[in-house]
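coords-v1.cif follows (mmCIF, C-alpha atoms and all ligand atoms):
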data_query
#
loop_
_atom_site.label_atom_id
_atom_site.label_comp_id
_atom_site.auth_asym_id
_atom_site.auth_seq_id
_atom_site.Cartn_x
_atom_site.Cartn_y
_atom_site.Cartn_z
CA MET M 1316 19.35 0.85 -6.61
CA THR M 1317 18.47 -2.73 -7.40
CA ALA M 1318 17.93 -5.07 -4.51
CA SER M 1319 20.32 -7.97 -4.22
CA ALA M 1320 18.92 -11.47 -4.24
CA SER M 1321 19.13 -11.72 -0.48
CA ASP M 1322 17.40 -8.54 0.63
CA ALA M 1323 14.44 -8.26 -1.75
CA LEU M 1324 11.27 -8.93 0.21
CA ILE M 1325 9.14 -8.41 -2.86
CA ARG M 1326 10.03 -9.60 -6.32
CA LEU M 1327 7.71 -9.32 -9.30
CA ASP M 1328 9.05 -10.69 -12.51
CA GLY M 1329 7.29 -10.11 -15.81
CA VAL M 1330 3.83 -10.00 -14.27
CA THR M 1331 0.99 -9.74 -16.73
CA LYS M 1332 -2.61 -9.70 -15.55
CA THR M 1333 -5.56 -9.65 -17.86
CA PHE M 1334 -9.22 -9.29 -16.98
CA GLY M 1335 -11.12 -10.39 -20.06
CA THR M 1336 -9.88 -8.06 -22.77
CA THR M 1337 -8.31 -5.58 -20.32
CA THR M 1338 -4.61 -5.84 -19.63
CA ALA M 1339 -4.17 -4.43 -16.14
CA LEU M 1340 -0.47 -5.30 -15.81
CA LYS M 1341 1.89 -5.87 -18.66
CA GLY M 1342 5.23 -7.53 -17.95
CA ALA M 1343 5.67 -5.62 -14.70
CA SER M 1344 8.92 -6.31 -12.85
CA LEU M 1345 9.83 -4.82 -9.52
CA GLU M 1346 12.04 -5.63 -6.56
CA VAL M 1347 11.63 -4.04 -3.18
CA SER M 1348 14.24 -4.37 -0.45
CA ARG M 1349 13.68 -4.67 3.26
CA GLY M 1350 12.87 -1.29 4.77
CA GLU M 1351 12.28 0.49 1.49
CA ILE M 1352 9.44 2.99 1.16
CA VAL M 1353 8.11 2.80 -2.40
CA VAL M 1354 5.32 4.81 -4.00
CA LEU M 1355 3.42 3.68 -7.07
CA LEU M 1356 2.31 6.57 -9.24
CA GLY M 1357 0.18 6.42 -12.34
CA LEU M 1358 -3.04 7.53 -13.90
CA SER M 1359 -6.33 5.98 -12.95
CA GLY M 1360 -6.44 2.51 -14.49
CA SER M 1361 -2.65 2.21 -14.81
CA GLY M 1362 -2.58 -0.90 -12.62
CA LYS M 1363 -1.54 0.35 -9.18
CA SER M 1364 -4.23 -1.46 -7.19
CA THR M 1365 -3.85 -4.59 -9.30
CA LEU M 1366 -0.12 -4.65 -8.58
CA LEU M 1367 -0.67 -4.22 -4.85
CA ARG M 1368 -3.34 -6.92 -4.81
CA HIS M 1369 -0.88 -9.41 -6.31
CA LEU M 1370 1.40 -8.93 -3.32
CA ASP M 1371 -0.90 -10.61 -0.87
CA GLY M 1372 -2.53 -13.07 -3.21
CA LEU M 1373 -5.76 -11.16 -3.83
CA GLU M 1374 -4.96 -11.48 -7.52
CA ILE M 1375 -3.16 -14.29 -9.33
CA PRO M 1376 -1.03 -13.27 -12.32
CA THR M 1377 -1.97 -14.45 -15.77
CA SER M 1378 1.76 -14.94 -16.31
CA GLY M 1379 4.97 -14.05 -14.53
CA SER M 1380 6.02 -14.61 -10.94
CA VAL M 1381 5.24 -12.90 -7.66
CA GLU M 1382 7.54 -13.65 -4.75
CA VAL M 1383 6.87 -12.08 -1.38
CA LEU M 1384 8.85 -12.86 1.78
CA GLY M 1385 10.43 -15.80 0.01
CA SER M 1386 7.17 -17.44 -1.09
CA GLN M 1387 5.73 -17.76 -4.56
CA VAL M 1388 2.44 -16.06 -3.75
CA PRO M 1389 0.27 -17.60 -6.52
CA THR M 1390 1.06 -21.11 -5.29
CA LEU M 1391 -0.03 -20.43 -1.71
CA LYS M 1392 -3.28 -21.83 -0.39
CA GLY M 1393 -5.06 -22.23 2.93
CA ARG M 1394 -2.82 -21.85 5.90
CA ALA M 1395 0.25 -20.84 3.89
CA LEU M 1396 -1.72 -18.02 2.28
CA ARG M 1397 -3.09 -16.93 5.64
CA ASP M 1398 0.45 -16.95 7.05
CA LEU M 1399 1.65 -14.72 4.23
CA ARG M 1400 -1.29 -12.35 4.70
CA SER M 1401 -0.58 -12.15 8.39
CA ARG M 1402 2.82 -10.69 7.52
CA VAL M 1403 1.44 -8.25 4.97
CA GLY M 1404 -0.72 -5.42 6.32
CA PHE M 1405 -3.03 -3.63 3.90
CA ILE M 1406 -4.68 -0.25 4.27
CA PHE M 1407 -7.18 1.24 1.86
CA GLN M 1408 -8.60 4.55 0.72
CA GLN M 1409 -11.92 3.91 2.43
CA PHE M 1410 -10.33 2.62 5.67
CA GLU M 1411 -12.70 -0.40 5.71
CA LEU M 1412 -13.55 -0.11 9.37
CA VAL M 1413 -16.71 -1.65 10.79
CA PRO M 1414 -18.67 1.56 11.48
CA SER M 1415 -20.79 0.28 14.33
CA LEU M 1416 -17.85 -1.11 16.30
CA THR M 1417 -15.73 0.87 18.68
CA VAL M 1418 -12.28 2.00 17.70
CA LEU M 1419 -10.72 -0.61 19.98
CA GLU M 1420 -12.85 -3.42 18.54
CA ASN M 1421 -11.85 -2.38 15.03
CA VAL M 1422 -8.18 -2.51 15.95
CA LEU M 1423 -8.68 -5.92 17.54
CA THR M 1424 -10.14 -7.34 14.33
CA GLY M 1425 -6.58 -7.10 12.99
CA SER M 1426 -5.30 -9.41 15.70
CA LEU M 1427 -4.15 -12.83 14.59
CA SER M 1428 -6.19 -14.60 17.23
CA GLY M 1429 -9.35 -12.73 16.35
CA VAL M 1430 -12.01 -13.70 13.88
CA ARG M 1431 -12.53 -11.03 11.28
CA GLY M 1432 -15.96 -9.73 10.47
CA PRO M 1433 -18.58 -10.84 12.95
CA ARG M 1434 -19.30 -8.71 15.94
CA LEU M 1435 -17.35 -10.39 18.67
CA GLY M 1436 -17.25 -7.62 21.18
CA LEU M 1437 -14.26 -7.29 23.41
CA TRP M 1438 -14.80 -10.65 25.11
CA GLY M 1439 -13.56 -12.46 22.03
CA TYR M 1440 -10.00 -11.29 22.52
CA SER M 1441 -7.30 -12.04 25.04
CA ARG M 1442 -6.20 -9.49 27.59
CA ALA M 1443 -2.80 -9.41 25.88
CA ALA M 1444 -4.42 -8.60 22.54
CA LYS M 1445 -6.47 -5.82 24.13
CA LEU M 1446 -3.40 -4.29 25.74
CA THR M 1447 -1.51 -4.48 22.45
CA ALA M 1448 -4.42 -2.86 20.63
CA LEU M 1449 -4.43 -0.03 23.17
CA GLU M 1450 -0.69 0.44 22.70
CA HIS M 1451 -1.16 0.72 18.95
CA LEU M 1452 -3.97 3.21 19.47
CA ASP M 1453 -1.67 5.23 21.68
CA ARG M 1454 0.94 5.04 18.94
CA VAL M 1455 -1.40 6.57 16.39
CA GLY M 1456 -2.57 9.20 18.88
CA LEU M 1457 -6.06 7.84 19.48
CA LEU M 1458 -5.92 6.18 22.87
CA ASP M 1459 -8.60 8.50 24.21
CA ARG M 1460 -10.96 7.40 21.42
CA ALA M 1461 -10.74 3.67 22.14
CA TYR M 1462 -14.37 3.26 23.22
CA GLN M 1463 -15.92 5.59 20.68
CA ARG M 1464 -17.77 4.22 17.65
CA SER M 1465 -15.41 4.33 14.70
CA ASP M 1466 -17.95 6.08 12.46
CA THR M 1467 -17.85 9.10 14.76
CA LEU M 1468 -14.20 9.77 13.89
CA SER M 1469 -12.86 12.04 11.16
CA GLY M 1470 -11.42 10.47 8.02
CA GLY M 1471 -7.84 11.04 9.14
CA GLN M 1472 -8.60 9.49 12.50
CA GLN M 1473 -10.28 6.50 10.85
CA GLN M 1474 -7.23 5.88 8.71
CA ARG M 1475 -5.08 6.01 11.84
CA VAL M 1476 -7.34 3.35 13.35
CA ALA M 1477 -6.81 1.27 10.19
CA ILE M 1478 -3.05 1.65 10.63
CA ALA M 1479 -3.33 0.51 14.25
CA ARG M 1480 -5.39 -2.45 13.06
CA ALA M 1481 -2.75 -3.38 10.47
CA LEU M 1482 -0.07 -3.25 13.18
CA MET M 1483 -1.89 -5.95 15.16
CA GLN M 1484 -0.58 -8.47 12.63
CA LYS M 1485 3.03 -7.44 13.29
CA PRO M 1486 3.46 -7.11 9.54
CA ALA M 1487 6.82 -7.13 7.76
CA ILE M 1488 5.29 -5.38 4.78
CA LEU M 1489 2.67 -2.67 4.70
CA LEU M 1490 0.68 -2.14 1.51
CA ALA M 1491 -1.37 1.02 1.17
CA ASP M 1492 -3.72 1.69 -1.71
CA GLU M 1493 -4.27 5.43 -1.92
CA PRO M 1494 -4.45 5.69 1.86
CA VAL M 1495 -5.07 9.44 1.86
CA ALA M 1496 -7.19 9.88 -1.26
CA SER M 1497 -10.26 10.67 0.86
CA LEU M 1498 -8.50 13.08 3.18
CA ASP M 1499 -7.83 16.79 3.17
CA PRO M 1500 -4.21 17.88 2.59
CA GLU M 1501 -3.40 18.43 6.24
CA SER M 1502 -4.76 15.06 7.38
CA SER M 1503 -3.05 13.45 4.40
CA GLU M 1504 0.32 14.75 5.48
CA GLN M 1505 -0.28 13.65 9.06
CA VAL M 1506 -1.29 10.13 8.05
CA MET M 1507 1.63 9.77 5.64
CA ALA M 1508 4.07 11.07 8.27
CA LEU M 1509 2.69 8.57 10.73
CA ILE M 1510 3.14 5.70 8.29
CA ARG M 1511 6.76 6.70 7.73
CA GLU M 1512 7.44 7.04 11.41
CA ILE M 1513 5.97 3.63 12.18
CA ALA M 1514 7.74 2.06 9.20
CA ALA M 1515 11.06 3.37 10.46
CA ASP M 1516 10.42 2.20 14.03
CA GLU M 1517 9.24 -1.25 12.99
CA GLY M 1518 11.57 -1.74 10.02
CA LEU M 1519 8.54 -2.11 7.77
CA THR M 1520 8.78 -2.29 4.01
CA VAL M 1521 6.08 -0.12 2.47
CA VAL M 1522 4.52 -0.09 -0.98
CA CYS M 1523 1.93 2.63 -1.34
CA SER M 1524 -0.05 3.95 -4.28
CA LEU M 1525 -0.70 7.68 -4.31
CA HIS M 1526 -2.22 10.27 -6.57
CA GLN M 1527 -0.49 13.26 -5.00
CA VAL M 1528 2.82 13.68 -6.76
CA ASP M 1529 4.21 16.28 -4.32
CA LEU M 1530 3.43 14.07 -1.39
CA ALA M 1531 4.99 11.08 -3.11
CA ILE M 1532 8.20 12.96 -3.79
CA SER M 1533 8.54 14.28 -0.28
CA TRP M 1534 7.60 10.97 1.28
CA ALA M 1535 8.98 8.01 -0.66
CA ASP M 1536 12.48 6.59 -1.00
CA ARG M 1537 11.65 5.48 -4.48
CA ILE M 1538 9.04 6.13 -7.13
CA VAL M 1539 7.67 3.51 -9.47
CA GLY M 1540 5.61 4.90 -12.35
CA LEU M 1541 2.97 2.76 -14.01
CA ARG M 1542 1.42 3.48 -17.36
CA HIS M 1543 -1.06 1.13 -18.97
CA GLY M 1544 0.16 -1.66 -16.69
CA GLU M 1545 3.81 -1.19 -17.52
CA VAL M 1546 6.53 -0.01 -15.19
CA VAL M 1547 7.79 3.06 -17.04
CA LEU M 1548 9.77 4.70 -14.26
CA ASP M 1549 11.62 3.26 -11.28
CA THR M 1550 13.98 5.57 -9.54
CA PRO M 1551 15.15 6.82 -6.13
CA THR M 1552 13.12 9.87 -5.16
CA GLY M 1553 16.16 11.97 -4.36
CA ASP M 1554 17.30 11.81 -7.96
CA LEU M 1555 13.99 12.79 -9.41
CA THR M 1556 12.56 16.15 -10.26
CA LYS M 1557 8.88 16.90 -10.03
CA ALA M 1558 8.86 17.59 -13.76
CA GLU M 1559 10.08 14.08 -14.47
CA VAL M 1560 7.38 12.50 -12.39
CA MET M 1561 4.76 14.76 -13.89
CA GLU M 1562 5.56 13.16 -17.21
CA ILE M 1563 3.67 10.12 -16.01
CA TYR M 1564 0.56 12.28 -15.98
CA GLY M 1565 1.59 15.55 -17.51
CA ARG M 1566 0.09 15.00 -20.89
CA VAL M 1567 -3.11 13.47 -21.97
CA ALA M 1568 -1.73 11.54 -24.90
CA THR M 1569 -4.39 10.39 -27.28
CA THR M 1570 -2.63 9.37 -30.46
CA THR M 1571 -0.12 6.55 -30.68
CA ALA M 1572 2.61 9.02 -31.60
CA GLU M 1573 1.87 11.15 -28.53
CA ILE M 1574 1.83 8.15 -26.27
CA ARG M 1575 5.13 7.00 -27.72
CA ALA M 1576 6.63 10.46 -27.23
CA VAL M 1577 5.62 10.53 -23.59
CA GLN M 1578 6.99 7.04 -23.08
CA GLU M 1579 10.28 7.98 -24.71
CA GLU M 1580 10.60 10.98 -22.45
CA LEU M 1581 10.01 8.82 -19.45
CA VAL M 1582 12.63 6.35 -20.55
CA GLU M 1583 15.02 9.22 -21.16
CA ALA M 1584 14.29 10.76 -17.78
CA ALA M 1585 14.89 7.40 -16.12
CA ALA M 1586 18.13 6.94 -18.09
CA GLN M 1587 19.33 10.38 -17.04
CA VAL M 1588 18.58 9.58 -13.42
CA ALA M 1589 20.38 6.24 -13.74
CA ALA M 1590 23.41 7.90 -15.34
CA SER M 1591 23.71 10.70 -12.80
N1 LIG M 1601 -11.54 -7.31 -11.15
C1 LIG M 1601 -11.40 -6.66 -12.30
N2 LIG M 1601 -12.18 -6.99 -13.37
C2 LIG M 1601 -12.04 -6.36 -14.54
N3 LIG M 1601 -11.16 -5.36 -14.76
C3 LIG M 1601 -10.37 -4.99 -13.75
C4 LIG M 1601 -10.46 -5.61 -12.46
N4 LIG M 1601 -9.54 -5.03 -11.66
C5 LIG M 1601 -8.93 -4.09 -12.38
N5 LIG M 1601 -9.43 -4.06 -13.64
C6 LIG M 1601 -8.99 -3.18 -14.73
O1 LIG M 1601 -7.58 -3.18 -14.76
C7 LIG M 1601 -7.07 -1.89 -15.02
C8 LIG M 1601 -6.16 -1.47 -13.89
O2 LIG M 1601 -6.96 -1.23 -12.76
P1 LIG M 1601 -6.40 -0.77 -11.35
O3 LIG M 1601 -7.54 -0.76 -10.43
O4 LIG M 1601 -5.23 -1.62 -10.98
O5 LIG M 1601 -5.88 0.70 -11.67
P2 LIG M 1601 -5.40 1.82 -10.66
O6 LIG M 1601 -4.09 2.31 -11.17
O7 LIG M 1601 -5.42 1.32 -9.27
O8 LIG M 1601 -6.47 2.96 -10.89
P3 LIG M 1601 -7.07 4.04 -9.82
O9 LIG M 1601 -6.03 5.11 -9.71
O10 LIG M 1601 -8.32 4.54 -10.48
O11 LIG M 1601 -7.32 3.33 -8.54
C9 LIG M 1601 -8.27 -0.99 -15.21
O12 LIG M 1601 -8.53 -0.91 -16.59
C10 LIG M 1601 -9.38 -1.73 -14.50
O13 LIG M 1601 -10.62 -1.44 -15.05
MG MG M 1602 -6.51 1.85 -7.61
#
Representation of the structure as structure tokens:
Amino acid sequence: MTASASDALIRLDGVTKTFGTTTALKGASLEVSRGEIVVLLGLSGSGKSTLLRHLDGLEIPTSGSVEVLGSQVPTLKGRALRDLRSRVGFIFQQFELVPSLTVLENVLTGSLSGVRGPRLGLWGYSRAAKLTALEHLDRVGLLDRAYQRSDTLSGGQQQRVAIARALMQKPAILLADEPVASLDPESSEQVMALIREIAADEGLTVVCSLHQVDLAISWADRIVGLRHGEVVLDTPTGDLTKAEVMEIYGRVATTTAEIRAVQEELVEAAAQVAAS
């Protein structure tokens, strides 16, 4: 389903991004509607992180346009860029917590009033912010860990802290770059389930890159496949078979002919899905 002009919170149009001689994104177009849960799939180097980073202005396209929450992201500077970022939460594979801080302090660093980075201790935040942070910790099931150093938690727990931290911004959009790549399968499922639950409760729009195809299929509303920086598949998950998605990875194509064959199959699979 294509988003109508009014409900797309994210709109990439013909985005190309080059780094020197590397083309990380090649004419990528994508619209994401409010409340949609989208997974980006693709081989390593296919451009997933680069695409995500364009959505909160961490990268500027070489050409094409990136509109998020009604703003042209590449034109934003200073306060306007900060405002956009405050509405876009971002979680990462490595959680990016400050290891020596407590869980609660880490969550508070996501608060709008807080200063990121330096060790502020709890005194740097308002009572209201602290109560909100505790509520978010409760939400992710870690209230009893609030005063523990974050580096004493398991990976799954640390990612839940990172989710609580992202919630401090009251984001409209949550971006996740391989949020469970460092976790075991059970923790991965728990973290992904938690993200879905919170997204549903808060009406969040989620764009998440994943490597685990099974997880992506069971979790997302929609799958976007990237290959060499191009969007080669964009389809509702319900219409998609695992075999079709596996085509994004399924073959290690080395010759031009093989690559073309794989691409043609993907196009065909997408056409079949569109026609059904
Ligand atoms: N800052 C950069 N400088 C130079 N090249 C970059 C930079 N960022 C990304 N690239 C290149 O762009 C391409 C796409 O990278 P990207 O990180 O988006 O891929 P990815 O799909 O996220 O891969 P992975 O699954 O390994 O995380 C790669 O060839 C990468 O080396
Ligand atoms: Mg990446």
**OP:** Could the residues that lie within 12 Å of ligand MG 1602 (chain M), counting all atoms listed in the file, be listed as a list in words?
**Re:** Ala1339, Leu1355, Leu1356, Gly1357, Leu1358, Ser1359, Gly1360, Ser1361, Gly1362, Lys1363, Ser1364, Thr1365, Leu1366, Leu1367, Arg1368, Phe1407, Gln1408, Gln1409, Ala1491, Asp1492, Glu1493, Pro1494, Ala1496, Cys1523, Ser1524, Leu1525, His1526, Leu1541 and Gly1544 of chain M
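Ranking M:Gln1387, M:Thr1333, M:Gln1472, M:Thr1417 by their shortest atom-to-atom distance to ligand LIG 1601 (chain M), with all atoms listed in the file included, puts M:Thr1333 first.
Of the residues under consideration (M:Gln1474, M:Asn1421, M:Ser1441, M:Ser1344), M:Gln1474 shows the shortest atom-to-atom contact distance to Ser1497 of chain M when counting only C-alpha atoms.
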Subject >> Nearby residues (only C-alpha atoms) at most 10 Å from Leu1530 of chain M, same-chain spacing under 6 positions excluded, as JSON, numbers by chain >> reply: {"M": [1354, 1500, 1503, 1504, 1507]}
**OP:** Skip Val1546 of chain M itself and residues of its chain fewer than 3 positions away, then list as JSON, numbers by chain all residues within 9 Å of it, counting only C-alpha atoms.
**Re:** {"M": [1340, 1341, 1342, 1343, 1344, 1345, 1539, 1540, 1541, 1542, 1543, 1549]}
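Here atom CA of Arg1400 of chain M stands at a distance of 29.5 Å from atom CA of Asp1459 of chain M.
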Subject >> Test item: residues at most 9 Å from Leu1437 of chain M, all atoms listed in the file, excluding those fewer than 4 positions along its chain, as a PyMOL selection string >> reply: chain M and resi 1419-1420+1423+1441+1445
Selection from above, C-alpha atoms, as a tab-separated table (two decimals), in the coordinates of the input, can you write it?
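Resulting contents of result_26.tsv:
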chain	number	residue	atom	x	y	z
M	1419	LEU	CA	-10.72	-0.61	19.98
M	1420	GLU	CA	-12.85	-3.42	18.54
M	1423	LEU	CA	-8.68	-5.92	17.54
M	1441	SER	CA	-7.30	-12.04	25.04
M	1445	LYS	CA	-6.47	-5.82	24.13
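The space separating atom CA of Thr1550 of chain M from atom CA of Leu1384 of chain M comes to 22.2 Å.
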**OP:** Mind giving me the straight-line distance from atom CA of Leu1373 of chain M to atom O8 of ligand LIG 1601 (chain M) in Å, one decimal?
**Re:** 15.8 Å
**OP:** Using only C-alpha atoms and all ligand atoms, pick whichever of M:Asp1371, M:Glu1351, M:Asp1554, M:Glu1545 has the shortest atom-to-atom distance to ligand LIG 1601 (chain M).
**Re:** M:Glu1545
Subject >> Nearest residue to ligand LIG 1601 (chain M) from the set M:Gly1335, M:Gly1329, M:Gly1393, M:Gly1553 (distances using all atoms listed in the file) >> reply: M:Gly1335
Original post:
Between M:Asp1328, M:Glu1517, M:Glu1374, M:Glu1501, which is the closest to ligand LIG 1601 (chain M) once you count all atoms listed in the file?
Top reply: M:Glu1374
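Among M:Ser1469, M:Val1403, M:Thr1337, M:Leu1324, the residue with the shortest atom-to-atom distance to ligand LIG 1601 (chain M), counting all atoms listed in the file, is M:Thr1337.
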Subject >> Who sits within 10 Å of Leu1509 of chain M, all atoms listed in the file, same chain under 3 positions skipped, as a PyMOL selection string >> reply: chain M and resi 1454-1456+1475+1478+1503-1506+1512-1515
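The list of residues with at least one atom within 7 Å of Ile1488 of chain M, based on all atoms listed in the file and without residues fewer than 4 positions apart in the same chain, reads M:Arg1402, M:Val1403, M:Gly1404, M:Leu1519, M:Thr1520, M:Val1521.
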Just write segment 1481-1500 of chain M with N, CA, C and O atoms, as a compact mmCIF listing (two decimals), in the first residue's frame, taken from the block above.
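As written to disk, out.txt reads:
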# COMPACT_ATOMS: atom_id res chain seq x y z
N ALA M 1481 15.05 6.25 24.50
CA ALA M 1481 14.45 6.85 23.29
C ALA M 1481 13.05 7.38 23.58
O ALA M 1481 12.64 8.41 23.03
N LEU M 1482 12.33 6.71 24.49
CA LEU M 1482 10.96 7.15 24.79
C LEU M 1482 10.92 8.48 25.52
O LEU M 1482 9.91 9.18 25.48
N MET M 1483 12.02 8.85 26.17
CA MET M 1483 12.07 10.12 26.89
C MET M 1483 11.82 11.30 25.96
O MET M 1483 11.37 12.35 26.38
N GLN M 1484 12.13 11.13 24.68
CA GLN M 1484 11.94 12.21 23.71
C GLN M 1484 10.49 12.32 23.25
O GLN M 1484 10.18 13.18 22.46
N LYS M 1485 9.65 11.38 23.67
CA LYS M 1485 8.29 11.29 23.12
C LYS M 1485 8.35 11.29 21.60
O LYS M 1485 7.76 12.14 20.93
N PRO M 1486 9.07 10.35 21.03
CA PRO M 1486 9.25 10.38 19.58
C PRO M 1486 7.97 10.04 18.82
O PRO M 1486 7.09 9.35 19.35
N ALA M 1487 7.87 10.54 17.59
CA ALA M 1487 6.79 10.13 16.69
C ALA M 1487 7.27 8.96 15.84
O ALA M 1487 6.49 8.14 15.39
N ILE M 1488 8.60 8.95 15.63
CA ILE M 1488 9.21 7.93 14.79
C ILE M 1488 10.32 7.26 15.58
O ILE M 1488 11.08 7.94 16.28
N LEU M 1489 10.40 5.95 15.47
CA LEU M 1489 11.51 5.24 16.08
C LEU M 1489 12.32 4.55 14.99
O LEU M 1489 11.77 3.77 14.20
N LEU M 1490 13.60 4.87 14.92
CA LEU M 1490 14.50 4.22 13.97
C LEU M 1490 15.33 3.22 14.76
O LEU M 1490 15.76 3.51 15.88
N ALA M 1491 15.55 2.06 14.19
CA ALA M 1491 16.34 1.05 14.89
C ALA M 1491 17.28 0.41 13.88
O ALA M 1491 16.84 -0.12 12.85
N ASP M 1492 18.57 0.49 14.16
CA ASP M 1492 19.55 -0.07 13.23
C ASP M 1492 20.09 -1.37 13.81
O ASP M 1492 20.91 -1.37 14.71
N GLU M 1493 19.58 -2.47 13.30
CA GLU M 1493 19.92 -3.79 13.78
C GLU M 1493 19.90 -3.89 15.31
O GLU M 1493 20.91 -4.25 15.93
N PRO M 1494 18.75 -3.58 15.89
CA PRO M 1494 18.68 -3.46 17.35
C PRO M 1494 18.96 -4.76 18.09
O PRO M 1494 19.28 -4.72 19.27
N VAL M 1495 18.84 -5.91 17.41
CA VAL M 1495 19.03 -7.17 18.13
C VAL M 1495 20.19 -7.98 17.55
O VAL M 1495 20.33 -9.16 17.86
N ALA M 1496 21.03 -7.34 16.76
CA ALA M 1496 22.13 -8.08 16.13
C ALA M 1496 23.12 -8.65 17.14
O ALA M 1496 23.79 -9.63 16.86
N SER M 1497 23.20 -8.03 18.32
CA SER M 1497 24.15 -8.53 19.32
C SER M 1497 23.49 -9.47 20.33
O SER M 1497 24.13 -9.84 21.31
N LEU M 1498 22.23 -9.79 20.11
CA LEU M 1498 21.52 -10.55 21.14
C LEU M 1498 21.23 -11.98 20.72
O LEU M 1498 21.15 -12.29 19.53
N ASP M 1499 21.05 -12.84 21.73
CA ASP M 1499 20.68 -14.22 21.43
C ASP M 1499 19.22 -14.25 20.94
O ASP M 1499 18.49 -13.27 21.13
N PRO M 1500 18.81 -15.35 20.31
CA PRO M 1500 17.48 -15.38 19.70
C PRO M 1500 16.34 -15.06 20.66
O PRO M 1500 15.41 -14.34 20.30
